[in-house]
Structures are given as C-alpha cells and as structure tokens.
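Dropping upload.csv in here (CSV, C-alpha atoms):
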```
chain,number,residue,atom,x,y,z
A,534,MET,CA,48.2,12.0,-4.4
A,535,ILE,CA,51.4,10.9,-2.7
A,536,LEU,CA,51.7,7.6,-0.9
A,537,TYR,CA,54.4,7.3,1.6
A,538,THR,CA,55.2,3.7,2.4
A,539,PRO,CA,58.2,1.5,3.3
A,540,MET,CA,56.9,-1.2,1.0
A,541,GLN,CA,58.3,-1.9,-2.5
A,542,LEU,CA,56.4,-0.3,-5.4
A,543,GLU,CA,55.7,-3.8,-6.9
A,544,LEU,CA,53.9,-4.9,-3.7
A,545,VAL,CA,51.8,-1.8,-3.5
A,546,LEU,CA,50.7,-2.0,-7.2
A,547,GLU,CA,50.3,-5.8,-7.3
A,548,GLY,CA,47.1,-6.7,-9.1
A,549,PHE,CA,46.3,-3.1,-10.0
A,550,ASP,CA,46.3,-3.8,-13.8
A,551,GLN,CA,43.9,-6.8,-13.4
A,552,ASN,CA,40.9,-4.7,-12.2
A,553,LYS,CA,37.9,-4.8,-14.5
A,554,TYR,CA,36.1,-1.5,-15.0
A,555,PRO,CA,32.6,-1.3,-16.3
A,556,CYS,CA,32.1,-0.2,-19.9
A,557,TYR,CA,29.9,2.9,-20.0
A,558,ARG,CA,28.4,4.4,-23.1
A,559,GLU,CA,26.0,7.2,-24.0
A,560,LEU,CA,22.6,6.2,-25.4
A,561,ASP,CA,19.6,8.1,-26.7
A,562,TYR,CA,16.6,6.6,-24.9
A,563,LYS,CA,13.2,8.1,-25.9
A,564,GLY,CA,14.9,11.4,-26.9
A,565,VAL,CA,16.9,11.7,-23.7
A,566,LYS,CA,20.7,11.2,-23.4
A,567,VAL,CA,21.6,8.7,-20.7
A,568,MET,CA,24.9,6.9,-19.7
A,569,VAL,CA,24.3,3.2,-19.5
A,570,GLU,CA,26.3,0.1,-18.5
A,571,ASP,CA,25.8,-3.2,-20.4
A,572,ILE,CA,24.8,-6.0,-18.0
A,573,GLY,CA,24.3,-8.7,-20.6
A,574,ASN,CA,21.4,-10.4,-22.4
A,575,GLY,CA,20.7,-7.1,-24.3
A,576,LYS,CA,19.9,-5.2,-21.1
A,577,ARG,CA,21.4,-2.0,-19.9
A,578,LYS,CA,21.5,-0.3,-16.5
A,579,VAL,CA,21.1,3.5,-16.3
A,580,VAL,CA,24.2,5.0,-14.6
A,581,LYS,CA,23.7,8.7,-15.2
A,582,LEU,CA,21.2,11.0,-16.8
A,583,LEU,CA,22.9,13.5,-19.2
A,584,SER,CA,19.9,15.7,-19.9
A,585,THR,CA,19.7,19.4,-19.2
A,586,ASN,CA,15.9,19.3,-18.9
A,587,PRO,CA,14.9,19.3,-15.2
A,588,TYR,CA,11.7,17.4,-16.0
A,589,ASP,CA,13.7,14.4,-17.3
A,590,PHE,CA,15.1,13.9,-13.7
A,591,LEU,CA,11.5,13.4,-12.5
A,592,ARG,CA,10.8,10.5,-14.9
A,593,PRO,CA,11.1,7.2,-12.9
A,594,GLU,CA,12.1,5.2,-16.0
A,595,LEU,CA,15.3,7.3,-16.3
A,596,SER,CA,16.4,7.1,-12.7
A,597,PRO,CA,19.9,5.6,-12.0
A,598,GLY,CA,19.8,1.8,-11.5
A,599,THR,CA,16.8,1.3,-13.8
A,600,ILE,CA,17.2,-1.6,-16.2
A,601,LEU,CA,16.5,-0.9,-19.9
A,602,SER,CA,15.8,-3.6,-22.4
```
Show this structure as structure tokens.
Amino acid sequence: MILYTPMQLELVLEGFDQNKYPCYRELDYKGVKVMVEDIGNGKRKVVKLLSTNPYDFLRPELSPGTILS
C-alpha cells in the first residue's frame, strides 16, 4: 500500500507503536483445535475454529465469541 500525503512521516505514524494487539493462541478443546484469546480470570474467547470437520462448525459451544472456562 502506498500512502501519498504532504504530512511528515513522524506525524502519520505517531502512536502506531503503542497499539495493543490481542494475544491469540491455539488450543485443543474437547478434541477440536480452536484459536482463542485470553480475556482474563482464566477465561478464553473463541476467535476461530481450526477444524477440518464440517460437523464441528455446527456445535454451538465452538462458535466464535463463545467464552470457554
């Protein structure tokens, strides 16, 4: 991507390095690989289902946004 701007590069990128990105990791939950985000207090939120089995996508406890304890 190319950004054409008359502004100085320091002004365009100001605060760019201070962004916090969520920490994702893979987890094996009941025999199914899922990508989760730690939300604190030992709880994790499902971000993505990494399974190749189509029936796993029909399980409501594995849908994205579900909180796992």
For atom CA of A:Lys563 and atom CA of A:Gly598, quote the distance in Å rounded to one decimal.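 These atoms are spaced 17.0 Å apart.
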Counting all atoms listed in the file, what is within 8 Å of A:Met568, bar same-chain residues fewer than 4 positions away, as a PyMOL selection string? chain A and resi 557-560+579-583
May I have the residues within 12 Å of A:Leu536 as a ChimeraX atom specification, using only C-alpha atoms and disregarding those fewer than 6 positions away in the same chain? /A:542,545-546
Nearest to A:Glu570 by atom-to-atom distance, counting all atoms listed in the file, from A:Tyr588, A:Leu601, A:Leu544, A:Pro593: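 Result for the nearest residue to A:Glu570: A:Leu601.
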For atom CA of A:Asp589 and atom CA of A:Gly573, the interatomic separation in Å (one decimal):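 Rounded to one decimal, the two atoms are 25.6 Å apart.
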If we count all atoms listed in the file, what is near A:Asn574 at a cut-off of 12 Å, once residues fewer than 4 positions away on the same chain are taken out, given as a ChimeraX atom specification? /A:578,600-602
So what do you get for atom CA of A:Pro597 versus atom CA of A:Lys553, distance-wise?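 Rounded to one decimal, the two atoms are 20.9 Å apart.
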